[in-house]
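Visitor: Just passing along the structure, written as structure tokens.
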Amino acid sequence: MNHRRLDAADSGRWLTSVCYPPAEGALGDNTRKTPMDFVDQLKSQVRIEDVVGEYVKLRKSGPSRYMGLCPFHNEKTPSFTVHVVHQFYKCFSCGVHGDVVKFVMEKDGLSFWEALKQLAERYGIPLPKRSQYSDEESRQRGAALALHEVAQETFRANLEGAPGEVARAYLARRGVAPETIAQFGLGYAERSGRALVRLLGARNFTSDQMEQSGLVGKREDGSFYDRFRHRLMFPIHNESGKVIAFGGRALAQDDEPKYLNSPETAIYKKSHVLYNLHRAKEAIRKADRVILVEGYMDAIGVTAAGVSNVVASCGTALTAQQVRALKRHSARIAVNFDPDAPGANAAERSIGLLLEEGMQVRIVELDGGLDPDEYCRERGAAAYQERLGAAKGYFYWLADRARARHDVHSSEGVVAVLNALLPAVEKISDPLERSAIANDLAAYIGVQPGIVLDNFRKFAASRQEKPMERPTIPLRHDERLLLNAILADEGVNREIFGALQQSDAIAGFASCRVFQAACAIEASGGRLNFENLHARLEPADQNLLAEAVLESETEVTPGAVAAAMESIRRSEERARRDRMKARIREAERGGNWEEALRLTAELEGSDRTARSRG
Ligand SMILES: [Zn+2]
């Protein structure tokens with residue numbers, strides 16, 4: 001008998017001979033500083049599908065699974081899966097995976113501690129004392145957030161008090177009601193240029209913290225000054241509602257720039273943030289549409305008119321990250337930029353990006369040269385709603401723009417219009433949609449559909465979306481079931497490991513290394529759960545494990561486990577016979593007849609035993 005048995009000695013050898021990646025855990029290094037019992041407690045009380053569901057539209061795809069479009073990459077077919085029993089998520093396309101804490105860290109850009117804190121606060125779970133666990137990075141970020149809270153309160157009090165008179169008058173002129181001012185937390189930064197610096201000093205913020213906050217500048221002589229002076233202040237929040245930056249509008253005629261924004265800091269990444277998203281996200285989901293405007297005042301004016309699903313890009317060019325943040329809540333967007341030339345150009349630029357990210361784009365046009373804020377005030381909420389309802393498909397809007405510049409009665413004009421549209425066509429990956437648009441557009445500019453389609457095809461040929469690659473699943477039914485069984489319940493566990501240790505079947509599994517890792521965890525007395533097992537594996541095996549757990553619909557019952565064990569025993573028996581036959585043939589080839597006969601007798605003996613066993 002030369003085949004290997006997985007007995008105690010062997011599993012010990014595996015422990016040393018199989019080279020595992022360090023068990024860093026799905027949570028990263030910070031886990032060392034935080035008692036796992038608290039994290040476990042938190043995770044047992046937080047439903048991962050609820051937390052993920054705030055960012056991703058999930059639909060149930062199995063007894064304990066949900067699926068949705070991955071929030072970490074752009075896709076049209078869902079490959080993002082959440083398992084509610086094992087409490088983890090995984091994207092089979094881009095490979096992201098983790099538990100609920102990691103999800104919150106990545107989505108909200110938080111440190112480990114901050115994510116724990118946010119979840120604990122949401123679900124009313126008492127936190128262990130902060131000082132014990134916080135790391136340097138989250139301390140810094142915590143200080144920056146605290147500093148912004150102080151600034152926010154100060155600006156707000158300024159606006160209400162004597163210093164805020166000019167700002168209040170400005171808001172009154174723009175028709176901003178007191179309840180809107182309160183809702184958006186508007187404030188005023190004083191003229192003096194030292195007020196905030198002094199206050200922050202008095203509140204024991206260090207000069208480093210002040211400088212890193214972006215709200216305070218440092219002169220060459222080392223003294224500090226308020227970055228925002230005599231400005232109307234718009235707090236900018238992250239998606240979980242914390243103030244992370246400010247936009248300040250100049251109140252004096254000759255102050256430049258008209259709008260000044262916080263610089264990038266540890267808590268503020270411009271390209272990731274959209275103004276008002278934290279307030280608007282519920283409404284965006286409900287309406288299944290988001291309205292994108294340019295300025296703070298537009299977002300405020302539109303909201304005040306009773307249309308809450310609005311966010312603002314605030315003058316910076318739209319980024320893919322911002323679009324993805326929106327797409328988590330809805331894939332339908334109505335762009336409502338200023339009617340002037342820069343606004344229209346910005347809208348045209350944003351269309352390409354929005355289409356690339358798979359958004360369905362409409363363009364809102366307001367008459368009278370009014371921006372969204374002005375329009376809501378002058379024409380009223382109902383009129384604005386009506387304009388939203390009449391928003392054009394982006395294609396017609398682009399065609400109108402091109403038509404206004406070129407004469408479509410000449411063939412050169414038609415070509416020029418088509419050329420203006422082709423970059424947007426190129427972004428449409430669905431061929432059916434593309435040809436539907438070609439037909440509509442042909443009628444719209446008055447040419448033969450064939451001409452449009454020909455031009456489209458030339459462009460489209462260069463662009464073919466490759467289908468999503470899903471890993472192949474070489475797992476057998478029985479090994480898949482056993483993998484689920486060992487993670488399901490400890491009672492079953494012992495039994496299976498006991499039996500598997502008498503067998504060399506594992507060696508033939510595609511999931512061999514997964515079982516080896518599970519055995520190693522068992523042998524070391526560690527807790528065998530999905531997360532611990534997953535953390536020990538190389539990426540390819542992590543995929544196997546996730547596939548086994550996520551794709552399996554078979555219920556783990558004692559009967560099913562027994563059947564799987566029996567199936568494994570049979571295939572092991574077959575494998576043993578095959579090996580034996582190979583040895584016999586080898587002996588025969590080498591003229592070693594004695595050995596061949598002995599082996600043949602042995603094989604027949606074991607066949608008889610197998611038959612009598614049934
Ligand atoms: Zn993904």
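Lettering and numbering for the structure tokens are positional, with chains as A, B, ... in the shown order, residues counted from 1 in each chain, and ligands counted from 1 in the shown order.
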Which residues are near range 570-574 of chain A? Cut-off 10 Å, only C-alpha atoms, ignore same chain within fewer than 5 positions. Put them as a list in words.

Guide: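 After dropping sequence-adjacent residues, the list is Ser503, Asp504, Ala505, Ile506, Ala507, Gly508, Ala564, Met565, Arg579, Met580, Ser606, Asp607 and Ala610 of chain A.
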
Visitor: Please produce an output containing N, CA and C atoms for each residue in the selection, written as a PDB file, in the first residue's frame.

Guide:
```pdb
ATOM      1  N   SER A 503      -9.000   8.561   4.294  1.00  0.00           N
ATOM      2  CA  SER A 503      -9.135   8.440   2.841  1.00  0.00           C
ATOM      3  C   SER A 503      -8.074   9.274   2.142  1.00  0.00           C
ATOM      4  N   ASP A 504      -7.721   8.868   0.930  1.00  0.00           N
ATOM      5  CA  ASP A 504      -6.806   9.712   0.185  1.00  0.00           C
ATOM      6  C   ASP A 504      -7.540  10.425  -0.946  1.00  0.00           C
ATOM      7  N   ALA A 505      -8.870  10.452  -0.813  1.00  0.00           N
ATOM      8  CA  ALA A 505      -9.682  11.041  -1.876  1.00  0.00           C
ATOM      9  C   ALA A 505      -9.380  12.519  -2.079  1.00  0.00           C
ATOM     10  N   ILE A 506      -9.086  13.207  -0.987  1.00  0.00           N
ATOM     11  CA  ILE A 506      -8.889  14.651  -1.066  1.00  0.00           C
ATOM     12  C   ILE A 506      -7.840  15.017  -2.113  1.00  0.00           C
ATOM     13  N   ALA A 507      -6.805  14.186  -2.170  1.00  0.00           N
ATOM     14  CA  ALA A 507      -5.697  14.491  -3.079  1.00  0.00           C
ATOM     15  C   ALA A 507      -6.164  14.636  -4.522  1.00  0.00           C
ATOM     16  N   GLY A 508      -7.272  13.971  -4.851  1.00  0.00           N
ATOM     17  CA  GLY A 508      -7.751  14.047  -6.227  1.00  0.00           C
ATOM     18  C   GLY A 508      -8.735  15.172  -6.461  1.00  0.00           C
ATOM     19  N   ALA A 564     -22.513  11.790  -0.199  1.00  0.00           N
ATOM     20  CA  ALA A 564     -21.289  12.370  -0.746  1.00  0.00           C
ATOM     21  C   ALA A 564     -20.076  11.552  -0.307  1.00  0.00           C
ATOM     22  N   MET A 565     -20.079  11.142   0.979  1.00  0.00           N
ATOM     23  CA  MET A 565     -18.964  10.346   1.474  1.00  0.00           C
ATOM     24  C   MET A 565     -18.883   9.015   0.728  1.00  0.00           C
ATOM     25  N   ARG A 579      -4.827   2.517 -10.286  1.00  0.00           N
ATOM     26  CA  ARG A 579      -3.395   2.541  -9.957  1.00  0.00           C
ATOM     27  C   ARG A 579      -2.812   1.132  -9.970  1.00  0.00           C
ATOM     28  N   MET A 580      -3.626   0.215  -9.377  1.00  0.00           N
ATOM     29  CA  MET A 580      -3.206  -1.178  -9.312  1.00  0.00           C
ATOM     30  C   MET A 580      -3.006  -1.723 -10.725  1.00  0.00           C
ATOM     31  N   SER A 606      -9.500  -7.767  -3.635  1.00  0.00           N
ATOM     32  CA  SER A 606     -10.181  -6.548  -3.189  1.00  0.00           C
ATOM     33  C   SER A 606     -11.495  -6.365  -3.950  1.00  0.00           C
ATOM     34  N   ASP A 607     -11.561  -6.832  -5.199  1.00  0.00           N
ATOM     35  CA  ASP A 607     -12.819  -6.789  -5.937  1.00  0.00           C
ATOM     36  C   ASP A 607     -13.887  -7.620  -5.228  1.00  0.00           C
ATOM     37  N   ALA A 610     -15.058  -5.839  -2.233  1.00  0.00           N
ATOM     38  CA  ALA A 610     -15.925  -4.738  -2.595  1.00  0.00           C
ATOM     39  C   ALA A 610     -17.318  -5.258  -2.965  1.00  0.00           C
TER      40      ALA A 610
END
```

Visitor: Please check which protein, DNA or RNA residues sit within 10 Å of ligand 1, counting only C-alpha atoms and all ligand atoms, and write them as a ChimeraX atom specification.

Guide: /A:68-75,78-81,90-97

Visitor: Which residues in range 335-577 of chain A does DSSP call alpha helix (DSSP H)? List them as number ranges by chain.

Guide: A: 341-356, 372-379, 381-389, 394-405, 411-426, 431-445, 449-461, 477-488, 490-501, 512-523, 530-535, 539-551, 558-577

Visitor: Just give me the gap between CA of Leu366 in chain A and CA of Val302 in chain A in Å, one decimal is fine.

Guide: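 That distance, rounded to one decimal, is 12.8 Å.
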
Visitor: Mind checking which residues fall within 12 Å of Leu353 in chain A, counting only C-alpha atoms, ignoring those fewer than 2 positions away in the same chain, and posting them as a list of chain:residue names?

Guide: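 Here the qualifying residues turn out to be A:Asn74, A:Ala317, A:Leu318, A:Thr319, A:Ala320, A:Gln321, A:Gln322, A:Val323, A:Arg324, A:Ala346, A:Ala347, A:Glu348, A:Arg349, A:Ser350, A:Ile351, A:Leu355, A:Glu356, A:Glu357, A:Gly358, A:Met359, A:Gln360, A:Val361, A:Pro423, A:Ala424, A:Glu426, A:Lys427, A:Ile428.
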
Visitor: Name the residues in contact with range 543-545 of chain A at a cut-off of 8 Å, using only C-alpha atoms, excluding same-chain residues fewer than 3 positions from it; report them as number ranges by chain.

Guide: A: 92, 471, 473, 475, 483, 511, 514, 534, 539-540, 548-549
